[in-house]
Each structure stands twice: as structure tokens, then as C-alpha cells.
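Before any comments, here is the structure.
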Amino acid sequence: MTTGGVVPAPLHFGTGPAAAVLNAIRVGAPATRDQLVTDTGLSAATVNRQVNALLDAGLVVERPDLLNHTGVGRPKLPLTLDRDRYCVAGMHVGARRTELVIADIGGRTLYSHAIRTKELTSADADTAVRRLCDLLRELAARFSGRRVLWGGAAIGGVVDDATGVVDHPILRWERQPLGQRLHTALGVPISVSEHVQAMAAAELLLSSTVARSGSSLFFYARETVGMAMIIDGDVHQPARGAGTIARLPVQPGVLDTEPVASLQSVIGTAATKAAAARLGVDTSAGAVADDRARVLGEAVAMMRDVLNPDEIVVAGDAFSAHPHGLEPVQAAFDAATNQPQPLEILPTCFGVQVPEAGAVAVALSAVYADPLGVVGE
């Protein structure tokens with residue numbers, strides 16, 4: 001694995017034995033070596049070699065304090081992740097809010113800080129990017145007792161994951177070398193990913209929401225909309241960058257004065273506020289909230305009919321804002337889909353922290369793909 005400068009995020013679990021053993025410990029801890037043989041399908045000799053290497057690298061630790069031995073013979077020492085030695089640093093740059101986060105190697109947030117993105121847009125793009133990188137460096141410096149293994153950035157717009165160069169029309173950023181600037185600031189390898197793909201990776205890598213076989217559709221709607229596909233445990237990253245569903249045609253109802261509008265134009269805060277003002281009601285009132293839920297349900301159904309995934313996970317304030325939660329979205333989805341099999345829409349397990357989780361997933365994906373290679377550098 002190349003670890004200099006900017007490295008594309010794998011956004012999947014590694015297939016090597018060290019990665020398999022590390023993930024089995026992360027998911028099943030406390031785990032014994034015998035349990036790891038069962039969980040990974042590897043031989044006992046291979047598991048022992050990988051465990052010893054992970055112990056030497058400081059990624060896992062034996063926990064005799066968790067031992068509950070009542071049988072005959074030498075007890076099997078439980079293993080867990082060593083959550084105290086390493087960390088990763090991440091940022092999610094959103095249209096309205098930017099999160100900076102430090103997390104341990106299990107994905108647990110150690111500290112996070114949010115700033116309003118418009119505070120950045122008051123400066124020119126170059127100054128804004130440098131300021132963000134400096135802020136994350138300052139945050140990482142608070143954890144000087146840990147070694148920072150990797151840095152990750154998740155952002156909308158157009159991302160060149162090989163170079164870390166980004167274009168973000170809403171922020172008026174053009175050809176900004178976010179990855180290289182972050183590498184200079186942190187002094188560690190950096191990965192930069194499109195933000196919806198990053199959030200999908202969080203569902204895959206940091207939770208048990210998404211299955212590691214089959215296909216999953218991840219659909220995000222807040223101020224912007226987007227979707228990503230997970231196929232057999234790998235977030236699909238198109239060679240020419242993420243596609244867009246922003247211009248998906250929808251019937252907006254009260255959300256727009258036109259009979260047909262684009263999905264992007266009717267989902268955000270501005271559209272719902274304008275609709276509420278026209279009706280003289282609150283944005284959470286029935287007509288506004290109901291139409292947004294309907295539009296979202298129909299949009300998800302349209303993509304389900306095209307892609308026919310095994311499961312669907314949704315995230316973002318637009319999905320969670322209705323007083324009845326996902327129920328009206330599910331109802332609209334059920335009415336609109338042309339597939340005969342019923343399918344339940346699942347909410348993200350990260351709630352409002354899903355953008356933060358996406359940044360952490362980008363930073364950790366290289367660690368999970370090749371743990372010994374990353375730590376050995």
C-alpha cells in the first residue's frame with residue numbers, strides 16, 4: 001500500500017488475513033483465538049500468526065481482566081482492540097455545517113467540533129481550505145499521546161480521490177488541493193472521498209446495518225441529495241466520480257409552484273421555508289412535511305425500481321424531519337415502487353452524526369484494509 005501523501009480510500013474491508021482477524025476482533029470482542037478461527041474461517045496457525053502480529057503492532061491487546069475461566073487447562077485470553085494507542089482524524093465539509101473529528105481505531109469519536117460552513121465561505125477558497133486543515137491539526141494535537149494513523153475528508157461536489165483535489169460549486173471551491181493541504185497539516189497519509197459514498201462506507205465499516213453480501217442502496221437528503229451503492233461489501237466508487245440524482249424529476253406538490261421540479265430544488269431548507277411562507281404555516285406543518293416525505297418516498301422508489309437493491313438505508317434531516325418519522329416516506333415508497341417484493345426502508349444507525357461517521361470511515365478504511373501495512377509505515 002502506498003502511504004505517501006494522498007491515497008484513494010478503499011471503502012471496503014480488507015481480504016487479507018490480518019484485516020479479517022482485526023475485523024473479527026472489532027465486531028466480536030472480547031474474542032478468543034478459538035473464536036477467531038470460527039469467525040474468520042482461517043486455520044488456527046494463521047490466526048495465531050496474525051494475532052501475534054496485531055499485538056506487536058499495538059492494534060489489539062490481550063485482556064486477562066475479562067477472563068471468565070472455569071474449565072480445565074490453560075485459559076484462552078480474550079482479545080480486544082487497543083483503543084488507547086492510535087487515532088484517526090477526519091472532516092466532513094457540508095453545505096451548511098462542517099464537522100472535525102478525532103476517533104479511535106474502532107470508530108468511536110474521541111472529540112468532535114462543528115463550525116458553520118458559511119464562516120469559511122466568507123474567505124477565498126484557498127484561505128478556507130488552509131484554515132480547515134489548520135483546525136484539524138490543532139484538534140489532533142490535543143491527542144499527542146496517540147499516534148495519528150490516517151486522515152480522511154468527506155465532501156460534496158466533485159472529488160478526485162487519487163489527488164485529493166476537489167470542486168465544490170456551493171462553496172465556490174475550484175480545483176482546491178484539499179488532500180495535499182491536509183497531508184501537509186497532519187503529516188500522515190490522507191484519503192478524500194465524495195461525502196455520500198463516505199457515509200455509505202460508515203454504514204458498512206462502522207456498523208452492522210449493511211450486509212457484507214448482496215447490494216444496498218444508501219440515499220441521503222439534507223440540503224443536498226445523493227446516493228451510493230454498496231455491492232458485496234464494497235462501496236461502489238465510479239471511475240469518473242460520483243453520479244447525481246439532484247435533477248431527478250419529481251411532482252413537488254406544495255413545495256414548488258411548478259407541476260414538475262428537480263429533487264434537489266424542493267428538498268432543502270430554502271424550499272420548505274418558501275412553501276411554508278406561501279401557505280402561511282410552519283415548515284413542520286402537515287402539507288409541507290407530507291409533500292416532502294412523499295417526494296422522498298417516490299424518489300427512493302424510482303431508484304429502487306432501477307437498481308433493485310437487497311436493502312435501502314436512508315440518512316439526512318429531510319428523512320427524519322417529519323413528525324411521524326419514516327412512516328410517511330415508507331408509505332409513499334410502497335405506493336410508488338413497481339417491484340412486487342416489499343422492502344423496508346432502514347434509517348441510518350448514526351442519526352444526525354452520520355456526516356461525522358462518514359469522515360471517520362474514510363480515515364479508517366485504509367486501516368481496516370491493510371492494518372499491518374498502515375501501522376508499519
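We label chains A, B, ... in the order they appear in the C-alpha cells, count residues from 1 in each chain, and number ligands from 1 in the order shown.
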Would you kindly return, as a PyMOL selection string, each protein, DNA or RNA residue with an atom no farther than 9 Å from any atom of region 215-224 of chain A, considering only C-alpha atoms and excluding same-chain residues fewer than 3 positions away? chain A and resi 94-96+156+196-197+199-200+203+210-212+227-233+246+264-265+267-270+296+300+303-304+307-319+348
What does the file look like for those residues with N, CA and C atoms, as a short mmCIF file (atom, residue, chain, number, x, y, z; two decimals), in the first residue's frame?
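File written: selection-v4.cif
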data_model
loop_
_atom_site.label_atom_id
_atom_site.label_comp_id
_atom_site.auth_asym_id
_atom_site.auth_seq_id
_atom_site.Cartn_x
_atom_site.Cartn_y
_atom_site.Cartn_z
N GLY A 94 -19.77 20.10 4.82
CA GLY A 94 -21.13 20.12 4.34
C GLY A 94 -21.53 21.49 3.83
N ALA A 95 -22.68 21.57 3.19
CA ALA A 95 -23.15 22.83 2.64
C ALA A 95 -23.43 23.86 3.74
N ARG A 96 -23.90 23.39 4.89
CA ARG A 96 -24.23 24.32 5.98
C ARG A 96 -23.33 24.15 7.20
N GLY A 156 -18.93 17.11 -0.54
CA GLY A 156 -19.76 17.06 -1.72
C GLY A 156 -19.04 17.62 -2.93
N VAL A 196 -21.39 11.28 0.14
CA VAL A 196 -22.43 10.26 0.26
C VAL A 196 -21.80 8.87 0.23
N GLN A 197 -20.78 8.68 -0.59
CA GLN A 197 -20.06 7.41 -0.58
C GLN A 197 -19.39 7.19 0.78
N MET A 199 -20.47 8.32 3.71
CA MET A 199 -21.49 7.95 4.69
C MET A 199 -21.96 6.51 4.48
N ALA A 200 -22.04 6.09 3.23
CA ALA A 200 -22.37 4.69 2.96
C ALA A 200 -21.30 3.78 3.54
N GLU A 203 -21.84 3.10 7.20
CA GLU A 203 -22.81 2.05 7.46
C GLU A 203 -22.18 0.67 7.29
N VAL A 210 -25.52 -2.69 7.37
CA VAL A 210 -25.45 -3.14 5.98
C VAL A 210 -24.81 -4.52 5.92
N ALA A 211 -25.42 -5.42 5.18
CA ALA A 211 -24.88 -6.76 4.99
C ALA A 211 -23.63 -6.71 4.12
N ARG A 212 -22.71 -7.65 4.34
CA ARG A 212 -21.48 -7.68 3.57
C ARG A 212 -21.61 -8.50 2.30
N MET A 227 -26.84 9.57 -3.59
CA MET A 227 -26.97 8.16 -3.27
C MET A 227 -25.69 7.43 -3.62
N ALA A 228 -25.52 6.28 -2.98
CA ALA A 228 -24.36 5.43 -3.24
C ALA A 228 -24.81 3.99 -3.16
N MET A 229 -24.07 3.12 -3.84
CA MET A 229 -24.37 1.69 -3.83
C MET A 229 -23.25 0.93 -3.12
N ILE A 230 -23.66 -0.05 -2.33
CA ILE A 230 -22.73 -0.98 -1.71
C ILE A 230 -23.01 -2.35 -2.32
N ILE A 231 -21.98 -2.94 -2.91
CA ILE A 231 -22.15 -4.22 -3.60
C ILE A 231 -21.17 -5.22 -3.02
N ASP A 232 -21.69 -6.26 -2.40
CA ASP A 232 -20.86 -7.31 -1.80
C ASP A 232 -19.75 -6.73 -0.92
N GLY A 233 -20.15 -5.85 -0.02
CA GLY A 233 -19.20 -5.32 0.96
C GLY A 233 -18.21 -4.31 0.43
N ALA A 246 -29.59 14.86 -8.25
CA ALA A 246 -30.12 16.19 -7.95
C ALA A 246 -31.22 16.60 -8.91
N GLN A 264 -33.49 18.07 -6.06
CA GLN A 264 -32.64 18.98 -5.29
C GLN A 264 -33.35 20.29 -4.96
N SER A 265 -34.16 20.77 -5.87
CA SER A 265 -34.76 22.10 -5.70
C SER A 265 -35.86 22.14 -4.66
N ILE A 267 -36.02 19.88 -1.74
CA ILE A 267 -35.73 19.14 -0.52
C ILE A 267 -35.15 20.02 0.59
N GLY A 268 -34.33 21.00 0.24
CA GLY A 268 -33.59 21.77 1.24
C GLY A 268 -34.44 22.73 2.05
N THR A 269 -33.77 23.37 3.01
CA THR A 269 -34.44 24.30 3.92
C THR A 269 -35.09 25.46 3.18
N ALA A 270 -34.41 26.00 2.18
CA ALA A 270 -34.95 27.16 1.46
C ALA A 270 -36.29 26.83 0.81
N LEU A 296 -39.75 12.26 -1.29
CA LEU A 296 -38.62 11.40 -0.98
C LEU A 296 -38.96 9.93 -1.19
N VAL A 300 -36.99 7.54 -3.85
CA VAL A 300 -36.31 6.30 -3.44
C VAL A 300 -36.90 5.11 -4.19
N MET A 303 -35.48 4.90 -7.72
CA MET A 303 -34.14 4.32 -7.79
C MET A 303 -34.17 2.84 -7.42
N ARG A 304 -35.07 2.45 -6.53
CA ARG A 304 -35.19 1.03 -6.21
C ARG A 304 -35.61 0.24 -7.44
N LEU A 307 -32.47 -0.04 -9.76
CA LEU A 307 -31.31 -0.78 -9.27
C LEU A 307 -31.67 -2.08 -8.56
N ASN A 308 -32.89 -2.14 -8.00
CA ASN A 308 -33.39 -3.32 -7.29
C ASN A 308 -32.40 -3.83 -6.24
N PRO A 309 -32.02 -3.00 -5.28
CA PRO A 309 -31.09 -3.45 -4.24
C PRO A 309 -31.76 -4.39 -3.25
N ASP A 310 -30.94 -5.11 -2.48
CA ASP A 310 -31.47 -6.00 -1.46
C ASP A 310 -31.95 -5.24 -0.24
N GLU A 311 -31.37 -4.07 0.01
CA GLU A 311 -31.79 -3.25 1.15
C GLU A 311 -31.56 -1.78 0.85
N ILE A 312 -32.25 -0.93 1.60
CA ILE A 312 -32.15 0.51 1.44
C ILE A 312 -31.94 1.15 2.81
N VAL A 313 -30.94 2.01 2.91
CA VAL A 313 -30.67 2.79 4.12
C VAL A 313 -30.75 4.26 3.75
N VAL A 314 -31.44 5.05 4.56
CA VAL A 314 -31.57 6.48 4.28
C VAL A 314 -31.01 7.29 5.44
N ALA A 315 -30.57 8.50 5.12
CA ALA A 315 -29.98 9.38 6.13
C ALA A 315 -30.22 10.82 5.73
N GLY A 316 -30.11 11.72 6.70
CA GLY A 316 -30.26 13.14 6.45
C GLY A 316 -31.51 13.71 7.07
N ASP A 317 -31.46 15.00 7.40
CA ASP A 317 -32.58 15.66 8.07
C ASP A 317 -33.87 15.61 7.28
N ALA A 318 -33.79 15.60 5.96
CA ALA A 318 -35.02 15.59 5.17
C ALA A 318 -35.83 14.33 5.44
N PHE A 319 -35.16 13.23 5.74
CA PHE A 319 -35.87 11.98 6.04
C PHE A 319 -36.39 11.95 7.47
N THR A 348 -30.42 5.31 8.99
CA THR A 348 -29.04 5.18 9.39
C THR A 348 -28.94 4.95 10.89
#
Env of region 157-159 of chain A: 12 Å cut, atoms = only C-alpha atoms, seq-sep filter 2 positions within chain, self excluded. Answer as number ranges by chain. A: 8-9, 93-95, 153-155, 161-179, 191-198, 224-226, 237-244, 246
As a PyMOL selection string, please: every residue in region 43-105 of chain A that DSSP puts in alpha helix (DSSP H). chain A and resi 44-57
For the residues in that selection, give me N, CA and C atoms as a compact mmCIF listing (two decimals), in the first residue's frame.
# COMPACT_ATOMS: atom_id res chain seq x y z
N ALA A 44 -6.03 -22.31 12.56
CA ALA A 44 -5.56 -21.88 13.88
C ALA A 44 -4.15 -21.29 13.78
N ALA A 45 -3.29 -21.90 12.95
CA ALA A 45 -1.93 -21.38 12.81
C ALA A 45 -1.92 -19.98 12.21
N THR A 46 -2.77 -19.77 11.20
CA THR A 46 -2.84 -18.44 10.56
C THR A 46 -3.38 -17.41 11.54
N VAL A 47 -4.43 -17.77 12.28
CA VAL A 47 -4.98 -16.84 13.27
C VAL A 47 -3.93 -16.49 14.32
N ASN A 48 -3.19 -17.47 14.80
CA ASN A 48 -2.16 -17.19 15.81
C ASN A 48 -1.10 -16.24 15.27
N ARG A 49 -0.68 -16.45 14.02
CA ARG A 49 0.33 -15.55 13.43
C ARG A 49 -0.21 -14.13 13.32
N GLN A 50 -1.44 -13.99 12.87
CA GLN A 50 -2.00 -12.65 12.69
C GLN A 50 -2.25 -11.97 14.03
N VAL A 51 -2.75 -12.71 15.00
CA VAL A 51 -2.96 -12.12 16.33
C VAL A 51 -1.64 -11.63 16.90
N ASN A 52 -0.60 -12.44 16.80
CA ASN A 52 0.70 -12.03 17.33
C ASN A 52 1.22 -10.78 16.63
N ALA A 53 1.01 -10.72 15.31
CA ALA A 53 1.45 -9.53 14.57
C ALA A 53 0.64 -8.31 14.97
N LEU A 54 -0.67 -8.47 15.17
CA LEU A 54 -1.51 -7.35 15.57
C LEU A 54 -1.19 -6.90 17.00
N LEU A 55 -0.83 -7.86 17.87
CA LEU A 55 -0.39 -7.50 19.22
C LEU A 55 0.90 -6.69 19.16
N ASP A 56 1.86 -7.16 18.36
CA ASP A 56 3.14 -6.45 18.23
C ASP A 56 2.94 -5.05 17.66
N ALA A 57 1.96 -4.90 16.77
CA ALA A 57 1.70 -3.60 16.15
C ALA A 57 0.92 -2.67 17.06
Could you check which of A:Thr272, A:Ser112, A:Thr38, A:Gln330 is closest to Pro355 (chain A), using only C-alpha atoms?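 With only C-alpha atoms as the atom set, the closest residue is A:Ser112.
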What's the 10 Å shell around region 249-259 of chain A, counting only C-alpha atoms, without same-chain residues fewer than 4 positions away, as a PyMOL selection string? chain A and resi 245+263-267+271-276+278-279+287-292+294-296+298-299
Find the residue from A:Glu62, A:Leu248, A:Ser43, A:Gly286 that sits nearest to Pro323 (chain A); use only C-alpha atoms when measuring.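 Checking each of A:Glu62, A:Leu248, A:Ser43, A:Gly286 against Pro323 (chain A), counting only C-alpha atoms, the winner is A:Gly286.
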Which residues are near Pro342 (chain A)? Cut-off 10 Å, only C-alpha atoms, ignore same chain within fewer than 5 positions. Put them as a list of chain:residue names. A:Phe333, A:Asp334, A:Thr337
Please compute the CA of Leu182 (chain A)-CA of Ala202 (chain A) distance, one decimal, in Å. 20.8 Å
I want to know what sits within 6 Å of region 141-149 of chain A, based on only C-alpha atoms, with residues of the same chain fewer than 5 positions away left out; could you give that as a list in words?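 Close residues of region 141-149 of chain A: Arg85, Tyr86, Cys87 and Val88 of chain A.
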Closest of A:Val6, A:Leu136, A:Glu356, A:Val235 to Ala185 (chain A), counting only C-alpha atoms, is A:Leu136
Please compute the CA of Ser262 (chain A)-CA of Ser320 (chain A) distance, one decimal, in Å.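 If I compute the distance from CA of Ser262 (chain A) to CA of Ser320 (chain A), I get 20.4 Å.
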Given only C-alpha atoms as the counted atoms, nearest of A:Gly297, A:Gly14, A:Gly376, A:Pro64 to Ile345 (chain A): A:Gly297
Just asking: which residues within region 175-328 of chain A are strand (DSSP E or B) according to DSSP, as number ranges by chain? A: 175-176, 190-194, 215-221, 225-231, 234-235, 249-250, 261-262, 311-315
Output file for the selection above: N, CA and C atoms, as a compact mmCIF listing (two decimals), in the first residue's frame:
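Result written to again17.txt:
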# COMPACT_ATOMS: atom_id res chain seq x y z
N ARG A 175 -10.85 23.38 -7.97
CA ARG A 175 -9.53 22.75 -8.02
C ARG A 175 -8.73 23.00 -6.75
N GLN A 176 -9.36 22.81 -5.62
CA GLN A 176 -8.68 23.01 -4.35
C GLN A 176 -7.98 21.72 -3.91
N ILE A 190 -3.50 10.69 3.63
CA ILE A 190 -4.84 11.28 3.61
C ILE A 190 -5.67 10.61 2.51
N SER A 191 -6.95 10.40 2.80
CA SER A 191 -7.90 9.97 1.78
C SER A 191 -9.03 10.98 1.72
N VAL A 192 -9.50 11.28 0.51
CA VAL A 192 -10.60 12.22 0.30
C VAL A 192 -11.67 11.51 -0.52
N SER A 193 -12.91 11.55 -0.04
CA SER A 193 -14.00 10.84 -0.71
C SER A 193 -15.22 11.73 -0.88
N GLU A 194 -16.01 11.41 -1.88
CA GLU A 194 -17.31 12.05 -2.04
C GLU A 194 -18.16 11.72 -0.82
N SER A 215 -26.57 -6.37 -2.23
CA SER A 215 -26.45 -4.96 -2.60
C SER A 215 -27.30 -4.09 -1.68
N SER A 216 -26.80 -2.89 -1.42
CA SER A 216 -27.51 -1.92 -0.58
C SER A 216 -27.49 -0.56 -1.26
N LEU A 217 -28.62 0.13 -1.18
CA LEU A 217 -28.72 1.50 -1.68
C LEU A 217 -28.71 2.43 -0.49
N PHE A 218 -27.78 3.39 -0.49
CA PHE A 218 -27.72 4.41 0.56
C PHE A 218 -28.19 5.71 -0.05
N PHE A 219 -29.20 6.32 0.54
CA PHE A 219 -29.84 7.52 -0.02
C PHE A 219 -29.77 8.62 1.03
N TYR A 220 -29.22 9.77 0.65
CA TYR A 220 -29.02 10.88 1.58
C TYR A 220 -29.77 12.11 1.10
N ALA A 221 -30.42 12.80 2.03
CA ALA A 221 -31.13 14.04 1.68
C ALA A 221 -31.10 14.99 2.87
N VAL A 225 -28.79 16.26 -2.05
CA VAL A 225 -29.23 14.87 -2.14
C VAL A 225 -28.17 14.05 -2.86
N GLY A 226 -28.13 12.79 -2.54
CA GLY A 226 -27.18 11.91 -3.20
C GLY A 226 -27.45 10.47 -2.84
N MET A 227 -26.84 9.57 -3.59
CA MET A 227 -26.97 8.16 -3.27
C MET A 227 -25.69 7.43 -3.62
N ALA A 228 -25.52 6.28 -2.98
CA ALA A 228 -24.36 5.43 -3.24
C ALA A 228 -24.81 3.99 -3.16
N MET A 229 -24.07 3.12 -3.84
CA MET A 229 -24.37 1.69 -3.83
C MET A 229 -23.25 0.93 -3.12
N ILE A 230 -23.66 -0.05 -2.33
CA ILE A 230 -22.73 -0.98 -1.71
C ILE A 230 -23.01 -2.35 -2.32
N ILE A 231 -21.98 -2.94 -2.91
CA ILE A 231 -22.15 -4.22 -3.60
C ILE A 231 -21.17 -5.22 -3.02
N ASP A 234 -18.54 -3.65 -0.66
CA ASP A 234 -17.63 -2.67 -1.26
C ASP A 234 -18.47 -1.48 -1.75
N VAL A 235 -18.16 -0.28 -1.25
CA VAL A 235 -18.86 0.91 -1.72
C VAL A 235 -18.41 1.19 -3.15
N PRO A 249 -36.53 14.17 -11.73
CA PRO A 249 -37.81 14.89 -11.80
C PRO A 249 -38.80 14.37 -10.76
N VAL A 250 -39.47 15.29 -10.09
CA VAL A 250 -40.46 14.94 -9.06
C VAL A 250 -41.69 15.82 -9.21
N ALA A 261 -40.59 19.47 -10.80
CA ALA A 261 -39.37 20.15 -10.35
C ALA A 261 -38.27 19.11 -10.18
N SER A 262 -37.06 19.57 -9.90
CA SER A 262 -35.96 18.63 -9.62
C SER A 262 -35.95 18.30 -8.14
N GLU A 311 -31.37 -4.07 0.01
CA GLU A 311 -31.79 -3.25 1.15
C GLU A 311 -31.56 -1.78 0.85
N ILE A 312 -32.25 -0.93 1.60
CA ILE A 312 -32.15 0.51 1.44
C ILE A 312 -31.94 1.15 2.81
N VAL A 313 -30.94 2.01 2.91
CA VAL A 313 -30.67 2.79 4.12
C VAL A 313 -30.75 4.26 3.75
N VAL A 314 -31.44 5.05 4.56
CA VAL A 314 -31.57 6.48 4.28
C VAL A 314 -31.01 7.29 5.44
N ALA A 315 -30.57 8.50 5.12
CA ALA A 315 -29.98 9.38 6.13
C ALA A 315 -30.22 10.82 5.73
What is the CA of Asn23 (chain A)-CA of Met91 (chain A) distance in Å, reported with one decimal? 23.5 Å
Check the smallest atom-to-atom distance from each of A:Arg108, A:Arg33, A:Arg63, A:Arg26 to Gln353 (chain A) using only C-alpha atoms, then report the winner.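 Once distances to Gln353 (chain A) are computed over only C-alpha atoms, the minimum belongs to A:Arg108.
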